[in-house]
Amino acid sequence: EPEVTQTPSHQVTQMGQEVILRCVPISNHLYFYWYRQILGQKVEFLVSFYNNEISEKSEIFDDQFSVERPDGSNFTLKIRSTKLEDSAMYFCASKQLAGGPGEQYFGPGTRLTVT
Amino acid sequence: AQSVTQPDIHITVSEGASLELRCNYSYGATPYLFWYVQSPGQGLQLLLKYFSGDTLVQGIKGFEAEFKRSQSSFNLRKPSVHWSDAAEYFCAVVPSGGSYIPTFGRGTSLIVHP
């Protein structure tokens with residue numbers, strides 16, 4: 001069964017450093033998402049991406065964040081200058097259809113630790 | 001804005017016992033409703049969803065959920081829990097119009113005792 005994959009599973013970085021989290025969505029999916037979950041808190045929406053551009057973003061997704069689909073398979077989340085409060089689990093998800101509330105398929109997550 | 005409440009942070013049950021995980025939402029119209037499960041080291045997996053129609057929906061792994069409009073609830077149930085059901089369970093609400101971006105509850109951690 002096709003699945004969303006994410007690398008790395010755990011990333012440790014120092015405050016102020018740039019990190020890139022990588023995701024490979026399911027191949028025939030059209031809509032891509034990033035979420036984060038701070039330890040003990042809710043899963044929060046960051047950004048959605050469709051047709052090579054950001055479709056929606058939350059208040060969390062400020063200028064420090066960017067997303068890219070550099071090729072036909074990868075979908076990346078970049079944090080330019082990490083802060084301690086960026087420590088969280090980051091989930092990538094993809095959805096087959098562009099419209100409607102269809103099922104999102106989630107990756108296993110990348111745990112980001114900022115020291 | 002919509003909100004989702006999962007009032008139980010942890011629930012402990014014995015293997016073979018029945019289970020009910022609560023989810024309440026606040027939203028002006030009937031939203032789309034989902035339950036996800038997250039096992040350790042895994043991503044969120046969809047258990048079941050409600051869009052419309054029959055208010056009792058069946059999902060994978062023997063789970064079911066019932067939508068009750070009058071109570072704004074979408075509780076997850078399983079008649080007999082297995083040790084492998086130990087995981088984190090998330091209820092999510094998607095508005096019925098617009099962006100279809102889900103709002104998640106904070107999750108309920110299920111502990112299963114042998």
# chains A, B, ... in the order shown; residues from 1 in each chain; ligands from 1

$ interface_residues --of "chain A" --to "chain B" --cutoff "12 Å" --atoms "only C-alpha atoms" --output "VMD selection string"
chain A and resid 3 to 6 9 to 10 31 to 49 55 to 58 89 to 95 97 to 111

$ residues_around --residues "region 59-70 of chain B" --least-positions-apart "4" --cutoff "8 Å" --atoms "only C-alpha atoms" --output "ChimeraX atom specification"
/B:30,47-50,55,74-78

$ write_last_selection --atoms "N, CA, C and O atoms" --output "PDB file, in the first residue's frame"
ATOM      1  N   THR B  30     -23.082  21.345  10.386  1.00  0.00           N
ATOM      2  CA  THR B  30     -22.559  19.992  10.553  1.00  0.00           C
ATOM      3  C   THR B  30     -21.282  19.860   9.747  1.00  0.00           C
ATOM      4  O   THR B  30     -21.293  20.007   8.530  1.00  0.00           O
ATOM      5  N   LEU B  47      -9.233   6.093  10.930  1.00  0.00           N
ATOM      6  CA  LEU B  47     -10.058   4.978  11.396  1.00  0.00           C
ATOM      7  C   LEU B  47     -11.422   4.987  10.717  1.00  0.00           C
ATOM      8  O   LEU B  47     -11.935   3.944  10.299  1.00  0.00           O
ATOM      9  N   LEU B  48     -12.031   6.150  10.673  1.00  0.00           N
ATOM     10  CA  LEU B  48     -13.351   6.282  10.073  1.00  0.00           C
ATOM     11  C   LEU B  48     -13.679   7.753   9.881  1.00  0.00           C
ATOM     12  O   LEU B  48     -12.989   8.625  10.402  1.00  0.00           O
ATOM     13  N   LYS B  49     -14.755   7.986   9.114  1.00  0.00           N
ATOM     14  CA  LYS B  49     -15.155   9.358   8.836  1.00  0.00           C
ATOM     15  C   LYS B  49     -16.666   9.417   8.680  1.00  0.00           C
ATOM     16  O   LYS B  49     -17.309   8.421   8.321  1.00  0.00           O
ATOM     17  N   TYR B  50     -17.210  10.593   8.952  1.00  0.00           N
ATOM     18  CA  TYR B  50     -18.631  10.847   8.738  1.00  0.00           C
ATOM     19  C   TYR B  50     -18.763  12.078   7.865  1.00  0.00           C
ATOM     20  O   TYR B  50     -18.263  13.150   8.202  1.00  0.00           O
ATOM     21  N   THR B  55     -25.867   7.863  10.770  1.00  0.00           N
ATOM     22  CA  THR B  55     -25.066   8.515  11.814  1.00  0.00           C
ATOM     23  C   THR B  55     -24.150   7.547  12.538  1.00  0.00           C
ATOM     24  O   THR B  55     -23.302   7.978  13.328  1.00  0.00           O
ATOM     25  N   PHE B  74     -19.178  13.086  18.459  1.00  0.00           N
ATOM     26  CA  PHE B  74     -18.792  12.034  17.502  1.00  0.00           C
ATOM     27  C   PHE B  74     -17.892  11.081  18.271  1.00  0.00           C
ATOM     28  O   PHE B  74     -16.679  11.071  18.117  1.00  0.00           O
ATOM     29  N   ASN B  75     -18.492  10.271  19.117  1.00  0.00           N
ATOM     30  CA  ASN B  75     -17.740   9.392  20.009  1.00  0.00           C
ATOM     31  C   ASN B  75     -17.332   8.100  19.307  1.00  0.00           C
ATOM     32  O   ASN B  75     -18.101   7.513  18.542  1.00  0.00           O
ATOM     33  N   LEU B  76     -16.149   7.685  19.616  1.00  0.00           N
ATOM     34  CA  LEU B  76     -15.569   6.472  19.025  1.00  0.00           C
ATOM     35  C   LEU B  76     -15.776   5.304  19.975  1.00  0.00           C
ATOM     36  O   LEU B  76     -15.559   5.454  21.189  1.00  0.00           O
ATOM     37  N   ARG B  77     -16.147   4.153  19.440  1.00  0.00           N
ATOM     38  CA  ARG B  77     -16.418   2.997  20.285  1.00  0.00           C
ATOM     39  C   ARG B  77     -15.791   1.735  19.699  1.00  0.00           C
ATOM     40  O   ARG B  77     -15.581   1.634  18.484  1.00  0.00           O
ATOM     41  N   LYS B  78     -15.533   0.824  20.617  1.00  0.00           N
ATOM     42  CA  LYS B  78     -15.107  -0.509  20.207  1.00  0.00           C
ATOM     43  C   LYS B  78     -15.611  -1.481  21.276  1.00  0.00           C
ATOM     44  O   LYS B  78     -15.413  -1.236  22.468  1.00  0.00           O
TER      45      LYS B  78
END

$ residues_around --residues "region 67-79 of chain A" --least-positions-apart "2" --cutoff "8 Å" --atoms "only C-alpha atoms" --output "NGL selection string"
:A and (18-25 or 27 or 32 or 34 or 52 or 54 or 64-65 or 81-82)

$ write_last_selection --atoms "N, CA and C atoms" --output "mmCIF file, in the first residue's frame"
data_model
loop_
_atom_site.group_PDB
_atom_site.id
_atom_site.type_symbol
_atom_site.label_atom_id
_atom_site.label_comp_id
_atom_site.auth_asym_id
_atom_site.auth_seq_id
_atom_site.Cartn_x
_atom_site.Cartn_y
_atom_site.Cartn_z
ATOM 1 N N GLU A 18 19.220 26.675 10.045
ATOM 2 C CA GLU A 18 18.179 26.335 9.082
ATOM 3 C C GLU A 18 17.993 24.816 9.059
ATOM 4 N N VAL A 19 16.751 24.396 8.938
ATOM 5 C CA VAL A 19 16.477 22.966 8.771
ATOM 6 C C VAL A 19 15.536 22.772 7.594
ATOM 7 N N ILE A 20 15.699 21.642 6.955
ATOM 8 C CA ILE A 20 14.796 21.244 5.882
ATOM 9 C C ILE A 20 14.248 19.866 6.218
ATOM 10 N N LEU A 21 12.948 19.806 6.295
ATOM 11 C CA LEU A 21 12.272 18.535 6.537
ATOM 12 C C LEU A 21 11.714 18.048 5.207
ATOM 13 N N ARG A 22 11.892 16.772 4.975
ATOM 14 C CA ARG A 22 11.532 16.229 3.665
ATOM 15 C C ARG A 22 10.388 15.233 3.749
ATOM 16 N N CYS A 23 9.617 15.236 2.701
ATOM 17 C CA CYS A 23 8.446 14.380 2.623
ATOM 18 C C CYS A 23 8.323 13.877 1.189
ATOM 19 N N VAL A 24 7.937 12.623 1.052
ATOM 20 C CA VAL A 24 7.573 12.105 -0.261
ATOM 21 C C VAL A 24 6.109 11.701 -0.185
ATOM 22 N N PRO A 25 5.228 12.507 -0.761
ATOM 23 C CA PRO A 25 3.797 12.180 -0.735
ATOM 24 C C PRO A 25 3.490 10.977 -1.617
ATOM 25 N N SER A 27 2.205 9.117 -4.754
ATOM 26 C CA SER A 27 2.572 9.623 -6.084
ATOM 27 C C SER A 27 1.431 10.255 -6.871
ATOM 28 N N PHE A 32 -0.985 18.750 -0.768
ATOM 29 C CA PHE A 32 0.028 18.415 0.219
ATOM 30 C C PHE A 32 -0.067 19.367 1.415
ATOM 31 N N TRP A 34 1.514 20.372 5.576
ATOM 32 C CA TRP A 34 2.395 20.232 6.735
ATOM 33 C C TRP A 34 1.600 20.609 7.989
ATOM 34 N N ASN A 52 1.642 23.585 -7.247
ATOM 35 C CA ASN A 52 2.924 24.274 -7.094
ATOM 36 C C ASN A 52 2.844 25.629 -6.421
ATOM 37 N N ILE A 54 1.313 27.707 -2.584
ATOM 38 C CA ILE A 54 0.636 27.616 -1.306
ATOM 39 C C ILE A 54 -0.841 27.919 -1.508
ATOM 40 N N GLN A 64 9.493 32.744 8.498
ATOM 41 C CA GLN A 64 10.578 31.804 8.778
ATOM 42 C C GLN A 64 10.368 30.460 8.088
ATOM 43 N N PHE A 65 9.150 30.224 7.661
ATOM 44 C CA PHE A 65 8.805 28.954 7.053
ATOM 45 C C PHE A 65 8.662 29.108 5.531
ATOM 46 N N SER A 81 15.488 30.028 10.382
ATOM 47 C CA SER A 81 16.264 30.315 11.586
ATOM 48 C C SER A 81 15.476 29.773 12.762
ATOM 49 N N THR A 82 15.815 28.560 13.148
ATOM 50 C CA THR A 82 14.992 27.863 14.128
ATOM 51 C C THR A 82 15.025 28.521 15.496
#

$ select_by_dssp --residues "chain B" --states "helix (DSSP H, G or I)" --output "list in words"
Ile60, Lys61, Gly62, Arg69, Ser70, Gln71, Trp83, Ser84 and Asp85 of chain B

$ decode --residues "region 45-56 of chain B" --atoms "N, CA, C and O atoms" --output "PDB file, in the first residue's frame"
ATOM      1  N   GLN B  45      -3.339   7.485  11.162  1.00  0.00           N
ATOM      2  CA  GLN B  45      -4.066   6.604  10.245  1.00  0.00           C
ATOM      3  C   GLN B  45      -5.559   6.840  10.431  1.00  0.00           C
ATOM      4  O   GLN B  45      -6.056   6.868  11.559  1.00  0.00           O
ATOM      5  N   LEU B  46      -6.273   6.983   9.342  1.00  0.00           N
ATOM      6  CA  LEU B  46      -7.707   7.216   9.418  1.00  0.00           C
ATOM      7  C   LEU B  46      -8.433   5.952   9.863  1.00  0.00           C
ATOM      8  O   LEU B  46      -8.275   4.892   9.273  1.00  0.00           O
ATOM      9  N   LEU B  47      -9.233   6.093  10.930  1.00  0.00           N
ATOM     10  CA  LEU B  47     -10.058   4.978  11.396  1.00  0.00           C
ATOM     11  C   LEU B  47     -11.422   4.987  10.717  1.00  0.00           C
ATOM     12  O   LEU B  47     -11.935   3.944  10.299  1.00  0.00           O
ATOM     13  N   LEU B  48     -12.031   6.150  10.673  1.00  0.00           N
ATOM     14  CA  LEU B  48     -13.351   6.282  10.073  1.00  0.00           C
ATOM     15  C   LEU B  48     -13.679   7.753   9.881  1.00  0.00           C
ATOM     16  O   LEU B  48     -12.989   8.625  10.402  1.00  0.00           O
ATOM     17  N   LYS B  49     -14.755   7.986   9.114  1.00  0.00           N
ATOM     18  CA  LYS B  49     -15.155   9.358   8.836  1.00  0.00           C
ATOM     19  C   LYS B  49     -16.666   9.417   8.680  1.00  0.00           C
ATOM     20  O   LYS B  49     -17.309   8.421   8.321  1.00  0.00           O
ATOM     21  N   TYR B  50     -17.210  10.593   8.952  1.00  0.00           N
ATOM     22  CA  TYR B  50     -18.631  10.847   8.738  1.00  0.00           C
ATOM     23  C   TYR B  50     -18.763  12.078   7.865  1.00  0.00           C
ATOM     24  O   TYR B  50     -18.263  13.150   8.202  1.00  0.00           O
ATOM     25  N   PHE B  51     -19.496  11.891   6.762  1.00  0.00           N
ATOM     26  CA  PHE B  51     -19.783  13.028   5.899  1.00  0.00           C
ATOM     27  C   PHE B  51     -21.270  13.348   5.934  1.00  0.00           C
ATOM     28  O   PHE B  51     -21.682  14.498   6.045  1.00  0.00           O
ATOM     29  N   SER B  52     -22.095  12.315   5.803  1.00  0.00           N
ATOM     30  CA  SER B  52     -23.541  12.491   5.812  1.00  0.00           C
ATOM     31  C   SER B  52     -24.178  11.112   5.899  1.00  0.00           C
ATOM     32  O   SER B  52     -23.486  10.089   5.881  1.00  0.00           O
ATOM     33  N   GLY B  53     -25.513  11.077   5.999  1.00  0.00           N
ATOM     34  CA  GLY B  53     -26.224   9.807   5.968  1.00  0.00           C
ATOM     35  C   GLY B  53     -26.290   9.145   7.326  1.00  0.00           C
ATOM     36  O   GLY B  53     -26.463   9.809   8.355  1.00  0.00           O
ATOM     37  N   ASP B  54     -26.143   7.834   7.322  1.00  0.00           N
ATOM     38  CA  ASP B  54     -26.261   7.045   8.538  1.00  0.00           C
ATOM     39  C   ASP B  54     -25.322   7.594   9.607  1.00  0.00           C
ATOM     40  O   ASP B  54     -24.117   7.751   9.371  1.00  0.00           O
ATOM     41  N   THR B  55     -25.867   7.863  10.770  1.00  0.00           N
ATOM     42  CA  THR B  55     -25.066   8.515  11.814  1.00  0.00           C
ATOM     43  C   THR B  55     -24.150   7.547  12.538  1.00  0.00           C
ATOM     44  O   THR B  55     -23.302   7.978  13.328  1.00  0.00           O
ATOM     45  N   LEU B  56     -24.313   6.267  12.313  1.00  0.00           N
ATOM     46  CA  LEU B  56     -23.408   5.277  12.885  1.00  0.00           C
ATOM     47  C   LEU B  56     -22.488   4.800  11.763  1.00  0.00           C
ATOM     48  O   LEU B  56     -22.949   4.221  10.788  1.00  0.00           O
TER      49      LEU B  56
END
